[in-house]
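What follows is a set of notes on a single structure, which appears directly below.
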Amino acid sequence: MRFVSTITTHPSPTAALVDIENGFRARLGDEPVHLAFVFVSAAFADKLETLGAGLNRIFPDAAVLGCTAEGTIGGGREVERSPSIAVLAASLPSVGIRPFHVSQAELEGATTTAEWVEQLGAKPDQAPIFIALADPFSFRITDFLDQVNTHYPGAPVFGGMASAARQPRENGLLLNEHVYREGLTGVALSGAIRVRAVVSQGCRPIGRPFVVTRGDQNVMRELGGKPALAALQEMSSSLPPEDLALAKQALLVGQVINEYQESFKRGDFLIHNLLGADPNSGALAIAGPVKVGRTIQFHVRDAKCADEDLRELLGAARGQGGPAPAGALLFSCNGRGTRMWPEAGHDVGVVTDVFERLPTAGCFCAGELGPIGQRNFIHGFTASIALFSGPDGPKSRTLSV
């Protein structure tokens, strides 16, 4: 198993393809490439057919999967809002690779496990790993994730929503020689491959946990038997000044995924925005479903929190032992990058700080896909990372931290 990553900033598609080919030939030689991930900036959105043909010529025996994005990640760099193409190519002997495309109509029509096996080309008992790229204008990604969670329990989905467009049919999804302007494309990987998941939502918990004692739909009415707003105000009064200042800027709500844990830490929560409060009823509305009995904890986010969160979770992944990862995919929110930090390259820089010289590629997304616990979700302001290793890696195919 071997991964190689590169990035080119040539504005010409022809020159960019030459740059990509030269880079890979110098490092791979005659070693076969079985899978190539390609991330293309908006400047090349109308040149995808040309790029697809060129990449299939460079990697004739590989499955090629890619999308257009606001920015790309590869070769240890992040390039935002300017011409670029990033590629992660992999030699994966003994790995099953099954490309697929799913339209919205096919998503709505497939309801049984057998229909999804036919659609995605992988069986649940094969322990597949899914990489998926979707168009946000034409595809209901939450419905797709629900179907995978139901029919492939425990199977991780990594990826993101294409982010190069402002209106329908401007994004492009690349799958081998085909270019799609709608739906979802992906690959199912199985066999001699393992993955560790790092899903960094860029937050840290504040205060103490609460149990939702009354609520419905997306409204928390009571926390720990008190009106939710009163519980929040009481918790806020005991916060240190730094946490209180951050809470006033942006307060979020984390819902625990696995209630059977004895204690909760970073990585155990699915983060939702706090939408508003009703001073009359004391209710709080969040951007997600509310379930009575679920444990929640308030969170804050800023550049410092996001940096600490990513480093802590990557460090925990490294501390799990086993062989070092051979390659990584990084899907970062387009609200991160230079919109969060003063200089480009933060997220990929942290990855290569923790895992030195790890070949990594990916893109900036309009929504990031990744597992929390044993279920898959779409996230915001998140870095979702798939760390790939060989069959001697961790036994669990997904180790979310």
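Numbering starts fresh at 1 for the residues of each chain in the structure tokens, the chains themselves are lettered A, B, ... in the order given, and ligands are numbered from 1 as they appear.
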Exercise for review: Run DSSP on the backbone of this structure and report the residues of range 282-355 of chain A it assigns to strand (DSSP E), as a list of chain:residue names.
Suggested key: A:Ala283, A:Leu284, A:Ala285, A:Ile286, A:Thr295, A:Ile296, A:Gln297, A:Phe298, A:His299, A:Val300, A:Arg301, A:Gly327, A:Ala328, A:Leu329, A:Leu330, A:Phe331, A:Ser332, A:Cys333
Review point. Looking at only C-alpha atoms, which of A:Trp116, A:Phe130, A:Phe39, A:Phe137 is the one that sits closest to Ala155 in chain A?
Key: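 Using only C-alpha atoms, Ala155 in chain A sits closest to A:Phe130.
The closest residue to Ser138 in chain A, picked from A:Gln126, A:Thr112, A:Asn56, A:Gln167 and counting only C-alpha atoms, is A:Gln167.
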Review point. Rounded to one decimal in Å, what is the spacing between CA of Ile372 in chain A and CA of Ala317 in chain A?
Key: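 Going from CA of Ile372 in chain A over to CA of Ala317 in chain A covers 13.8 Å.
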Point to revise | Selection: 12 Å around Pro168 in chain A, only C-alpha atoms, excl. self and same-chain fewer than 4 positions, as an NGL selection string | key: :A and (135-139 or 162-164 or 172 or 180-183)
Go ahead and save the residues from that selection, with N, CA and C atoms, as a compact mmCIF listing (two decimals), in the first residue's frame.
# COMPACT_ATOMS: atom_id res chain seq x y z
N ASP A 135 -23.20 16.94 -4.74
CA ASP A 135 -23.61 18.29 -5.14
C ASP A 135 -24.70 18.78 -4.19
N PRO A 136 -24.49 19.88 -3.49
CA PRO A 136 -25.48 20.32 -2.49
C PRO A 136 -26.79 20.81 -3.08
N PHE A 137 -26.80 21.17 -4.37
CA PHE A 137 -28.02 21.70 -4.98
C PHE A 137 -29.00 20.62 -5.42
N SER A 138 -28.51 19.40 -5.63
CA SER A 138 -29.36 18.39 -6.27
C SER A 138 -29.49 17.09 -5.48
N PHE A 139 -28.88 17.02 -4.28
CA PHE A 139 -28.83 15.74 -3.59
C PHE A 139 -29.03 15.96 -2.10
N ALA A 162 -19.45 19.40 -2.76
CA ALA A 162 -18.72 20.24 -3.70
C ALA A 162 -19.04 21.71 -3.43
N SER A 163 -18.01 22.57 -3.54
CA SER A 163 -18.17 23.95 -3.05
C SER A 163 -17.77 25.02 -4.05
N ALA A 164 -17.67 24.67 -5.33
CA ALA A 164 -17.20 25.65 -6.31
C ALA A 164 -18.32 26.46 -6.94
N GLY A 172 -19.06 20.21 -10.43
CA GLY A 172 -18.79 19.03 -11.22
C GLY A 172 -18.31 17.88 -10.34
N TYR A 180 -20.43 14.42 -13.85
CA TYR A 180 -21.82 14.60 -13.43
C TYR A 180 -22.00 16.00 -12.86
N ARG A 181 -23.15 16.58 -13.12
CA ARG A 181 -23.48 17.90 -12.59
C ARG A 181 -24.55 17.82 -11.51
N GLU A 182 -24.83 16.62 -11.07
CA GLU A 182 -25.83 16.41 -10.02
C GLU A 182 -25.54 15.10 -9.30
N GLY A 183 -26.20 14.95 -8.13
CA GLY A 183 -26.14 13.68 -7.42
C GLY A 183 -24.91 13.53 -6.55
Exercise for review: Please return as a PyMOL selection string: the residues of range 31-204 of chain A that backbone DSSP assigns to helix (DSSP H, G or I).
Suggested key: chain A and resi 42-58+104-109+113-120+124-126+141-151
Review point. Hey, what's within 9 Å of Val212 in chain A if we count only C-alpha atoms and toss same-chain stuff fewer than 2 positions away? As a ChimeraX atom specification, please?
Key: /A:210,214-215,220-225,228,290-296
Point to revise | Polymer residues at most 12 Å from Cys67 in chain A, only C-alpha atoms, same-chain spacing of 5 or more positions, as a VMD selection string | key: chain A and resid 36 to 42 44 to 49 51 to 52 72 85 to 87 131 to 136 159 to 165 170 to 176 178 to 186 331 362 to 366
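The coordinates place CA of Gly390 in chain A at 23.1 Å from CA of Ile73 in chain A.
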Review point. Which value, in Å to one decimal, gives the distance between CA of Ala326 in chain A and CA of Leu387 in chain A?
Key: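 So the two atoms, CA of Ala326 in chain A and CA of Leu387 in chain A, lie 7.6 Å apart.
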Review point. Can you list, as a PyMOL selection string, every protein, DNA or RNA residue that comes within 7 Å of range 3-9 of chain A when you count only C-alpha atoms, leaving out same-chain residues fewer than 4 positions away?
Key: chain A and resi 16+19-20+74-75+83-91+326-327+359-361
I need the chosen residues saved as a tab-separated table (two decimals), in the first residue's frame, with N, CA and C atoms.
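Generated file (again_12.tsv):
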chain	number	residue	atom	x	y	z
A	16	ALA	N	-1.20	21.85	-16.28
A	16	ALA	CA	-1.49	21.23	-14.98
A	16	ALA	C	-1.38	19.71	-15.07
A	19	ASP	N	2.21	18.70	-15.20
A	19	ASP	CA	2.80	18.84	-13.87
A	19	ASP	C	2.43	17.65	-12.99
A	20	ILE	N	1.16	17.25	-13.03
A	20	ILE	CA	0.70	16.11	-12.23
A	20	ILE	C	1.40	14.83	-12.67
A	74	GLY	N	-3.28	19.56	-0.98
A	74	GLY	CA	-2.40	18.50	-1.47
A	74	GLY	C	-0.95	18.92	-1.40
A	75	GLY	N	-0.07	17.94	-1.39
A	75	GLY	CA	1.35	18.24	-1.37
A	75	GLY	C	1.78	19.09	-0.19
A	83	PRO	N	-6.63	29.12	-9.04
A	83	PRO	CA	-6.52	27.87	-9.81
A	83	PRO	C	-5.61	26.84	-9.15
A	84	SER	N	-6.12	25.63	-9.01
A	84	SER	CA	-5.32	24.55	-8.43
A	84	SER	C	-6.00	23.21	-8.68
A	85	ILE	N	-5.19	22.16	-8.70
A	85	ILE	CA	-5.67	20.78	-8.78
A	85	ILE	C	-4.82	19.97	-7.81
A	86	ALA	N	-5.48	19.26	-6.91
A	86	ALA	CA	-4.77	18.39	-5.95
A	86	ALA	C	-5.15	16.94	-6.23
A	87	VAL	N	-4.17	16.05	-6.10
A	87	VAL	CA	-4.39	14.63	-6.40
A	87	VAL	C	-3.75	13.79	-5.29
A	88	LEU	N	-4.48	12.76	-4.87
A	88	LEU	CA	-3.94	11.71	-4.00
A	88	LEU	C	-4.08	10.40	-4.77
A	89	ALA	N	-2.96	9.81	-5.15
A	89	ALA	CA	-2.97	8.55	-5.89
A	89	ALA	C	-2.49	7.43	-4.99
A	90	ALA	N	-3.11	6.26	-5.14
A	90	ALA	CA	-2.82	5.15	-4.24
A	90	ALA	C	-2.63	3.86	-5.00
A	91	SER	N	-1.61	3.12	-4.58
A	91	SER	CA	-1.43	1.74	-5.01
A	91	SER	C	-1.99	0.86	-3.91
A	326	ALA	N	-0.64	5.30	5.94
A	326	ALA	CA	0.09	5.42	4.68
A	326	ALA	C	-0.35	6.63	3.88
A	327	GLY	N	-1.57	7.12	4.12
A	327	GLY	CA	-2.09	8.27	3.39
A	327	GLY	C	-3.34	8.77	4.06
A	359	PRO	N	1.34	11.60	3.09
A	359	PRO	CA	0.69	12.06	1.87
A	359	PRO	C	-0.79	12.33	2.12
A	360	THR	N	-1.21	13.56	1.88
A	360	THR	CA	-2.56	14.00	2.22
A	360	THR	C	-3.11	14.87	1.09
A	361	ALA	N	-4.37	14.68	0.77
A	361	ALA	CA	-5.05	15.55	-0.19
A	361	ALA	C	-6.51	15.66	0.18
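Proximity ranking of A:Gly191, A:Pro32, A:Pro60, A:Pro13 relative to Pro391 in chain A places A:Gly191 first, based on only C-alpha atoms.
Take the candidates A:Glu308, A:His379, A:Ala285, A:Gly373 and check each one against Glu259 in chain A using only C-alpha atoms; the shortest distance goes to A:Gly373.
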Check your understanding: Which is closest to Phe158 in chain A among A:Ala188, A:Ala69, A:Ala250, A:Ala386, if we use only C-alpha atoms?
Key -> A:Ala386
